[in-house]
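File shown: upload.cif (mmCIF, C-alpha atoms and all ligand atoms).
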```
data_work
loop_
_atom_site.label_atom_id
_atom_site.label_comp_id
_atom_site.auth_asym_id
_atom_site.auth_seq_id
_atom_site.Cartn_x
_atom_site.Cartn_y
_atom_site.Cartn_z
CA MET A 1 17.20 143.92 136.86
CA LYS A 2 16.81 140.64 138.77
CA CYS A 3 19.18 137.69 139.11
CA ARG A 4 17.97 134.90 136.86
CA VAL A 5 18.85 132.26 139.48
CA CYS A 6 17.72 133.63 142.84
CA GLY A 7 15.56 136.63 141.91
CA LYS A 8 17.58 139.02 144.08
CA GLU A 9 18.92 142.30 142.70
CA ALA A 10 21.37 141.45 139.88
CA ASN A 11 24.95 142.78 139.94
CA ILE A 12 26.06 141.94 136.43
CA ARG A 13 24.29 141.88 133.11
CA LEU A 14 25.55 139.26 130.63
CA SER A 15 24.17 140.39 127.29
CA ALA A 16 25.86 137.56 125.38
CA TYR A 17 23.71 135.10 127.37
CA ASN A 18 20.72 137.41 127.59
CA THR A 19 20.77 137.15 131.38
CA ALA A 20 21.67 138.95 134.61
CA LEU A 21 23.09 137.50 137.84
CA CYS A 22 23.78 138.51 141.43
CA ALA A 23 27.40 138.38 142.67
CA ASP A 24 27.17 134.89 144.22
CA ASP A 25 25.44 133.33 141.26
CA PHE A 26 27.81 135.02 138.84
CA LEU A 27 30.82 133.50 140.67
CA THR A 28 29.23 130.06 140.47
CA PHE A 29 28.30 130.59 136.80
CA PHE A 30 31.81 131.67 135.86
CA GLU A 31 33.54 128.86 137.76
CA ARG A 32 31.19 126.34 136.21
CA ARG A 33 31.93 127.61 132.70
CA VAL A 34 35.65 127.20 133.28
CA THR A 35 35.45 123.74 134.85
CA ARG A 36 33.04 122.60 132.11
CA ALA A 37 35.51 123.80 129.46
CA VAL A 38 38.29 121.84 131.20
CA GLN A 39 36.12 118.71 131.11
CA LYS A 40 34.51 119.15 127.69
CA TYR A 41 37.75 119.86 125.84
CA HIS A 42 39.82 117.39 127.92
CA LEU A 43 42.21 120.13 128.95
CA ILE A 44 43.54 118.46 132.10
CA ASP A 45 43.56 114.71 132.85
CA GLN A 46 43.80 112.98 136.20
CA THR A 47 47.45 112.19 135.57
CA ASP A 48 48.45 115.73 134.55
CA SER A 49 50.33 118.21 136.67
CA THR A 50 49.63 121.81 135.72
CA LEU A 51 51.67 124.98 135.69
CA VAL A 52 49.85 128.29 135.22
CA ALA A 53 51.55 131.17 133.40
CA VAL A 54 51.02 134.04 135.80
CA SER A 55 51.52 137.70 134.86
CA GLY A 56 49.99 139.31 137.94
CA GLY A 57 46.95 140.44 135.90
CA LYS A 58 43.30 139.57 136.45
CA ASP A 59 43.06 136.74 133.91
CA SER A 60 46.03 134.65 134.94
CA LEU A 61 45.44 135.10 138.68
CA SER A 62 41.73 134.27 138.36
CA LEU A 63 42.59 131.19 136.32
CA TRP A 64 45.15 130.00 138.86
CA TYR A 65 42.64 130.55 141.65
CA ILE A 66 39.77 128.74 139.90
CA LEU A 67 41.86 125.73 138.86
CA ASN A 68 42.98 125.18 142.44
CA ARG A 69 39.47 125.69 143.79
CA ALA A 70 38.23 123.12 141.29
CA GLY A 71 40.77 120.57 142.52
CA TYR A 72 43.22 120.97 139.61
CA LEU A 73 46.10 121.70 141.95
CA SER A 74 48.60 123.80 140.06
CA ASP A 75 51.68 125.93 140.58
CA GLY A 76 52.61 129.20 138.88
CA ILE A 77 55.37 130.48 136.59
CA TYR A 78 56.18 134.17 136.33
CA ILE A 79 58.49 135.69 133.71
CA ASP A 80 60.20 138.82 134.98
CA LEU A 81 60.57 141.04 131.90
CA GLY A 82 62.61 143.63 133.79
CA ILE A 83 60.09 146.45 133.31
CA ASP A 84 61.00 148.33 136.50
CA GLU A 85 58.08 149.05 138.83
CA TYR A 86 55.56 147.24 136.65
CA SER A 87 57.46 143.94 136.90
CA ARG A 88 58.10 144.39 140.62
CA VAL A 89 54.42 144.98 141.42
CA SER A 90 53.27 142.20 139.08
CA PHE A 91 55.46 139.63 140.81
CA GLU A 92 54.28 140.88 144.20
CA LYS A 93 50.66 140.18 143.16
CA ALA A 94 51.62 136.77 141.82
CA ARG A 95 53.31 135.87 145.12
CA LEU A 96 50.29 137.05 147.10
CA MET A 97 48.18 134.59 145.14
CA ALA A 98 50.76 131.83 145.61
CA ASP A 99 50.50 132.37 149.38
CA ARG A 100 46.69 132.51 149.24
CA LEU A 101 46.60 129.19 147.41
CA GLY A 102 49.48 127.65 149.33
CA ARG A 103 51.17 126.85 146.03
CA ARG A 104 54.68 127.17 144.66
CA ILE A 105 55.67 129.87 142.16
CA TYR A 106 58.62 129.78 139.78
CA ARG A 107 60.34 132.79 138.27
CA PHE A 108 62.54 133.34 135.25
CA SER A 109 64.28 136.69 135.26
CA LEU A 110 65.31 138.33 131.99
CA PRO A 111 67.62 140.84 133.72
CA ALA A 112 69.38 137.94 135.50
CA LEU A 113 69.91 136.20 132.18
CA PHE A 114 70.82 139.17 129.97
CA GLN A 115 71.50 142.01 132.41
CA LYS A 116 68.81 143.80 130.40
CA GLY A 117 65.06 144.05 130.52
CA ILE A 118 62.82 143.50 127.49
CA GLY A 119 63.03 147.21 126.53
CA ASP A 120 66.84 147.36 126.23
CA LEU A 121 67.06 143.90 124.77
CA SER A 122 64.59 144.79 122.00
CA LYS A 123 66.58 147.96 121.23
CA VAL A 124 69.87 146.11 120.74
CA MET A 125 68.05 143.44 118.77
CA ARG A 126 66.19 146.06 116.70
CA ARG A 127 63.03 144.12 117.21
CA ALA A 128 59.63 145.19 118.59
CA PRO A 129 59.40 144.44 122.34
CA CYS A 130 56.19 142.42 121.99
CA SER A 131 57.53 140.20 119.24
CA LEU A 132 60.70 139.44 121.24
CA CYS A 133 58.67 139.01 124.42
CA GLY A 134 56.46 136.43 122.67
CA VAL A 135 59.47 134.37 121.59
CA LEU A 136 61.06 134.46 125.04
CA LYS A 137 57.88 133.78 126.98
CA ARG A 138 56.91 130.81 124.80
CA TYR A 139 60.35 129.30 125.21
CA LEU A 140 60.85 129.98 128.92
CA MET A 141 57.39 128.85 129.96
CA ASN A 142 57.70 125.64 128.02
CA LYS A 143 61.16 125.04 129.47
CA ALA A 144 59.94 125.72 133.00
CA CYS A 145 57.11 123.27 132.52
CA ILE A 146 59.28 120.48 131.14
CA ASP A 147 62.28 121.02 133.44
CA ALA A 148 60.14 121.09 136.58
CA GLY A 149 58.17 117.99 135.53
CA TYR A 150 54.74 119.50 134.70
CA THR A 151 52.75 118.13 131.79
CA VAL A 152 50.35 121.03 131.10
CA LEU A 153 50.93 124.76 130.74
CA ALA A 154 47.77 126.84 131.29
CA THR A 155 47.49 130.46 130.15
CA GLY A 156 44.83 133.07 130.93
CA HIS A 157 44.05 134.08 127.32
CA ASN A 158 40.40 135.03 127.21
CA LEU A 159 37.67 135.31 124.59
CA ASP A 160 38.60 138.92 123.78
CA ASP A 161 42.28 138.01 123.28
CA GLU A 162 41.36 135.16 120.96
CA ALA A 163 38.71 137.12 119.03
CA SER A 164 41.07 140.07 118.44
CA ALA A 165 43.96 137.80 117.38
CA LEU A 166 41.67 135.91 115.03
CA PHE A 167 40.25 139.16 113.65
CA GLY A 168 43.78 140.51 113.00
CA ASN A 169 44.92 137.30 111.31
CA LEU A 170 41.86 137.32 109.07
CA LEU A 171 42.15 141.01 108.28
CA TYR A 172 45.67 140.55 106.91
CA TRP A 173 45.13 136.95 105.76
CA LYS A 174 47.97 135.64 107.90
CA GLU A 175 47.13 132.07 106.99
CA ALA A 176 50.30 130.70 108.54
CA TYR A 177 48.99 131.80 111.98
CA LEU A 178 45.34 131.22 111.34
CA TYR A 179 45.07 127.65 112.54
CA LYS A 180 47.81 127.74 115.15
CA LYS A 181 45.52 128.77 117.97
CA SER A 182 43.13 126.60 119.87
CA ILE A 183 41.78 125.97 123.33
CA SER A 184 44.36 123.20 123.63
CA LEU A 185 47.53 122.23 121.77
CA GLU A 186 48.93 118.77 122.40
CA GLY A 187 52.46 118.41 123.74
CA ARG A 188 55.26 116.27 122.34
CA GLY A 189 57.30 113.83 124.40
CA ASP A 190 59.85 115.42 126.67
CA TYR A 191 60.34 118.74 124.88
CA LEU A 192 56.97 120.38 124.32
CA ALA A 193 54.34 120.74 127.04
CA LYS A 194 50.62 120.60 126.30
CA LYS A 195 49.17 124.13 126.25
CA ILE A 196 45.66 124.97 127.36
CA LYS A 197 43.50 128.11 127.56
CA PRO A 198 40.59 127.40 129.93
CA PHE A 199 39.28 131.03 129.56
CA PHE A 200 39.06 130.69 125.75
CA LEU A 201 35.28 131.20 125.85
CA CYS A 202 35.15 133.63 128.82
CA SER A 203 35.17 137.37 128.14
CA GLU A 204 37.63 139.86 129.59
CA ARG A 205 34.77 141.65 131.35
CA GLU A 206 33.65 138.42 133.01
CA ALA A 207 37.21 137.62 134.13
CA ALA A 208 37.57 141.13 135.60
CA ALA A 209 34.23 140.83 137.42
CA TYR A 210 35.27 137.43 138.78
CA ALA A 211 38.62 138.81 140.02
CA ILE A 212 36.97 141.76 141.75
CA LEU A 213 34.19 139.70 143.35
CA SER A 214 36.71 137.08 144.53
CA ARG A 215 38.87 139.83 146.05
CA ILE A 216 41.83 138.90 143.90
CA ASP A 217 44.57 141.47 144.24
CA TYR A 218 45.85 141.99 140.70
CA VAL A 219 47.90 144.58 138.87
CA TYR A 220 45.55 147.08 137.17
CA GLU A 221 48.13 148.71 134.92
CA GLU A 222 48.73 147.21 131.52
CA CYS A 223 52.26 146.45 130.37
CA PRO A 224 53.70 149.79 129.10
CA TYR A 225 54.58 148.15 125.76
CA SER A 226 50.94 147.35 125.07
CA VAL A 227 50.18 151.02 124.34
CA GLY A 228 49.15 151.41 120.72
CA ALA A 229 49.03 147.65 120.09
CA LYS A 230 46.74 146.75 117.20
CA THR A 231 45.10 144.05 119.31
CA LEU A 232 43.71 146.80 121.57
CA LEU A 233 42.14 148.51 118.57
CA TYR A 234 40.62 145.22 117.41
CA LYS A 235 39.23 144.62 120.91
CA GLU A 236 37.64 148.04 120.86
CA LEU A 237 36.08 147.43 117.44
CA LEU A 238 34.76 144.02 118.45
CA ASN A 239 33.31 145.51 121.66
CA LYS A 240 31.44 148.09 119.57
CA ILE A 241 29.97 145.32 117.44
CA GLU A 242 29.11 143.38 120.60
CA VAL A 243 27.05 146.31 121.93
CA THR A 244 24.70 146.25 118.96
CA SER A 245 24.94 142.48 118.34
CA PRO A 246 25.48 140.63 121.65
CA ALA A 247 27.22 137.23 121.48
CA THR A 248 29.08 138.07 118.26
CA LYS A 249 32.49 137.46 119.85
CA ILE A 250 31.58 134.09 121.28
CA ARG A 251 29.99 132.96 118.00
CA PHE A 252 33.10 134.12 116.11
CA VAL A 253 35.49 132.20 118.38
CA LYS A 254 33.29 129.11 118.69
CA GLY A 255 32.99 128.99 114.90
CA TYR A 256 36.76 129.12 114.69
CA LEU A 257 37.07 126.26 117.22
CA GLU A 258 34.81 124.12 115.04
CA ARG A 259 36.91 124.81 111.96
CA VAL A 260 40.27 124.34 113.67
CA LYS A 261 39.20 120.81 114.65
CA GLU A 262 38.99 119.97 110.95
CA GLN A 263 42.61 120.90 110.33
CA GLU A 264 45.20 118.17 109.90
CA ALA A 265 47.23 117.08 112.91
CA ARG A 266 50.23 119.32 113.29
CA PRO A 267 53.58 117.81 112.39
CA ASP A 268 56.19 117.38 115.12
CA PRO A 269 58.23 120.56 115.43
CA GLU A 270 61.97 120.35 114.80
CA ARG A 271 64.28 120.57 117.81
CA CYS A 272 67.07 123.02 118.50
CA ALA A 273 70.46 121.34 118.08
CA ARG A 274 71.70 122.98 121.30
CA CYS A 275 68.91 122.96 123.85
CA GLY A 276 66.57 120.35 122.35
CA TYR A 277 63.45 122.54 122.62
CA PRO A 278 61.20 123.28 119.61
CA SER A 279 62.75 125.38 116.88
CA TYR A 280 62.17 126.27 113.22
CA THR A 281 65.89 126.70 112.67
CA GLU A 282 68.89 124.54 113.59
CA THR A 283 69.63 126.69 116.64
CA CYS A 284 66.62 128.27 118.32
CA ASN A 285 66.15 132.02 118.71
CA VAL A 286 66.67 131.89 122.46
CA CYS A 287 69.93 129.92 122.29
CA ARG A 288 71.21 132.51 119.79
CA LEU A 289 70.09 135.35 122.06
CA VAL A 290 71.76 133.78 125.08
CA GLU A 291 74.95 133.29 123.10
CA ARG A 292 75.00 136.94 122.01
CA PHE A 293 73.75 138.74 125.09
CA GLY A 294 73.81 136.22 127.95
CA THR A 295 75.97 136.65 131.04
CA GLY A 296 77.45 133.20 130.58
CA GLU A 297 75.18 131.78 133.27
CA ALA A 298 72.80 128.95 132.41
CA ILE A 299 69.08 129.79 132.20
CA ARG A 300 68.00 129.50 135.81
CA ILE A 301 64.56 128.97 137.23
CA GLU A 302 63.94 130.21 140.78
CA CYS A 303 61.40 128.48 142.96
CA PHE A 304 59.46 130.24 145.75
CA GLU A 305 57.58 128.15 148.28
CA PRO A 306 54.36 129.71 149.64
CA ALA A 307 54.70 131.72 152.84
CA GLN A 308 51.67 130.01 154.25
CA ALA A 309 49.29 127.35 153.11
CA THR A 310 45.71 128.62 153.29
CA ALA A 311 42.81 126.31 152.62
CA THR A 312 41.19 127.02 149.26
CA PRO A 313 37.53 125.98 149.23
CA ASP A 314 36.97 123.07 146.88
CA ILE A 315 34.31 123.71 144.20
CA SER A 316 34.83 120.47 142.29
CA ALA A 317 31.78 118.86 143.90
CA LYS A 318 29.37 121.71 143.30
CA ALA A 319 30.59 122.67 139.82
CA ASP A 320 28.20 120.26 138.15
CA ALA A 321 25.31 120.89 140.48
CA VAL A 322 24.56 124.54 139.80
CA VAL A 323 22.49 126.34 137.17
FE1 LIG B 401 55.20 141.30 126.42
FE2 LIG B 401 54.24 143.17 124.79
FE3 LIG B 401 52.58 141.83 126.37
FE4 LIG B 401 54.28 143.61 127.41
S1 LIG B 401 52.56 144.04 126.00
S2 LIG B 401 53.85 141.56 128.19
S3 LIG B 401 56.05 143.32 126.09
S4 LIG B 401 53.79 140.97 124.71
ZN ZN B 402 67.86 126.26 121.72
#
```
Mind turning this structure into structure tokens?
Amino acid sequence: MKCRVCGKEANIRLSAYNTALCADDFLTFFERRVTRAVQKYHLIDQTDSTLVAVSGGKDSLSLWYILNRAGYLSDGIYIDLGIDEYSRVSFEKARLMADRLGRRIYRFSLPALFQKGIGDLSKVMRRAPCSLCGVLKRYLMNKACIDAGYTVLATGHNLDDEASALFGNLLYWKEAYLYKKSISLEGRGDYLAKKIKPFFLCSEREAAAYAILSRIDYVYEECPYSVGAKTLLYKELLNKIEVTSPATKIRFVKGYLERVKEQEARPDPERCARCGYPSYTETCNVCRLVERFGTGEAIRIECFEPAQATATPDISAKADAVV
């Protein structure tokens, strides 16, 4: 198997593109796909300042790394869910990347706010950890972005995440969620940041290969609450289909992107009467949670400056020039 670009021995086969690449050309290919998506879908403008939601995993760390290499200088936000060793190691990996990039990282700590991690909090709330986690993360990341003066929040959701979510929503005809996802969701004034997913069309396997080849130190373990999640089953099923019919996932998600464009503009979300952030009810879920279980302290964002500023090679010039 030869690299399609240089003819040397290939390191990775990309069945969805019917091609194979060596390590160097794969890195260039992957970076170019991400920077092209940023340009094509107008994800980040010259005037934007970007915050990347960082979990310590391969996707978010690779995304943070690529954006900075491409000249989209961005900082990170980490939500500490209070899952013992897993959260400790995840933040350690996130800080390592912050130091490598010479960028700032912010942290919101659930245990500091509630004196409980996501596990205990979900028990007292009688709610599934992942559903509660989704509510808190959406709120806290948006708040961090707005409070610290960033205009764009970037997340590392990849093609497999989007395909499995779409598959699940179709399977159960959850129409209310069906058109809520996209590669980019516009922000609103001073209370809702623009959200972007530059890896929307990049597979999980490609992101993992990129992280390994770029020597990104990420947390390999999955969050313990992901065990048994339906999305994992959907990913497995879609991967089986992909083996016999390469490029199915990308066609599925691209087809969705085309259709989502045809949907009407979303109405402005209502605002919470207490905190002013988006809410479907008069008082948002997080304000109610803080009132019931909070320590009385205000929601606090910690800021960590990088230990050292290391030069990150700039790929913005070559991104357009390769393959
Ligand atoms: Fe949150 Fe669930 Fe994901 Fe863990 S698996 S990070 S609890 S959504
Ligand atoms: Zn609120």
Closest contacts (chain A/ligand ZN 402 (chain B), max 8 Å, all atoms listed in the file) as a Markdown table:
```
| residue | atom | partner | partner_atom | distance |
| --- | --- | --- | --- | --- |
| A:Arg271 | CA | B:ZN402 | ZN | 7.8 |
| A:Cys272 | CA | B:ZN402 | ZN | 4.6 |
| A:Ala273 | CA | B:ZN402 | ZN | 6.6 |
| A:Arg274 | CA | B:ZN402 | ZN | 5.1 |
| A:Cys275 | CA | B:ZN402 | ZN | 4.1 |
| A:Gly276 | CA | B:ZN402 | ZN | 6.1 |
| A:Tyr277 | CA | B:ZN402 | ZN | 5.8 |
| A:Pro278 | CA | B:ZN402 | ZN | 7.6 |
| A:Ser279 | CA | B:ZN402 | ZN | 7.1 |
| A:Thr283 | CA | B:ZN402 | ZN | 5.4 |
| A:Cys284 | CA | B:ZN402 | ZN | 4.1 |
| A:Asn285 | CA | B:ZN402 | ZN | 6.7 |
| A:Val286 | CA | B:ZN402 | ZN | 5.8 |
| A:Cys287 | CA | B:ZN402 | ZN | 4.2 |
| A:Arg288 | CA | B:ZN402 | ZN | 7.3 |
```
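Among the candidate residues A:Ala208, A:Thr35, A:Tyr17, A:Tyr150, the one lying nearest to Thr47 of chain A is A:Tyr150, with distances computed using only C-alpha atoms.
Atom CA of Arg36 of chain A sits 27.5 Å away from atom CA of Ala148 of chain A.
In this structure, atom CA of Leu289 of chain A sits 20.1 Å away from atom CA of Pro269 of chain A.
Where the distance criterion is 7 Å and the atoms used are only C-alpha atoms and all ligand atoms, the residues close to ligand LIG 401 (chain B) are Ile118, Pro129, Cys130, Ser131, Cys133, Gly134, Cys223, Pro224, Tyr225 and Ser226 of chain A.
Using only C-alpha atoms, the residues found no farther than 10 Å from Gly149 of chain A, other than those of its own chain fewer than 2 positions away, are Ser49, Thr50, Leu51, Lys143, Ala144, Cys145, Ile146, Asp147, Thr151, Val152, Asp190 and Ala193 of chain A.
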> Of the candidates A:Cys6, A:Ile183, A:Ile79, A:Leu96, which shows the shortest atom-to-atom distance to Val38 of chain A, using only C-alpha atoms?
Replying inline: A:Ile183
> Suppose you want the space between atom CA of Asp268 of chain A and atom CA of Asp161 of chain A; what is it in Å?
Replying inline: 26.2 Å
>> With 9 Å as the threshold, what does the neighbourhood of (38.1, 129.1, 121.3) contain in terms of residues, counting all atoms listed in the file? Coordinates are those of the file; answer as number ranges by chain.
In response: A: 158-159, 162-163, 181-184, 197, 199-201, 250, 252-258
Can those selected residues be exported to a file as a compact mmCIF listing (two decimals), keeping the file's coordinate frame so that it contains C-alpha atoms?
```txt
# COMPACT_ATOMS: atom_id res chain seq x y z
CA ASN A 158 40.40 135.03 127.21
CA LEU A 159 37.67 135.31 124.59
CA GLU A 162 41.36 135.16 120.96
CA ALA A 163 38.71 137.12 119.03
CA LYS A 181 45.52 128.77 117.97
CA SER A 182 43.13 126.60 119.87
CA ILE A 183 41.78 125.97 123.33
CA SER A 184 44.36 123.20 123.63
CA LYS A 197 43.50 128.11 127.56
CA PHE A 199 39.28 131.03 129.56
CA PHE A 200 39.06 130.69 125.75
CA LEU A 201 35.28 131.20 125.85
CA ILE A 250 31.58 134.09 121.28
CA PHE A 252 33.10 134.12 116.11
CA VAL A 253 35.49 132.20 118.38
CA LYS A 254 33.29 129.11 118.69
CA GLY A 255 32.99 128.99 114.90
CA TYR A 256 36.76 129.12 114.69
CA LEU A 257 37.07 126.26 117.22
CA GLU A 258 34.81 124.12 115.04
```
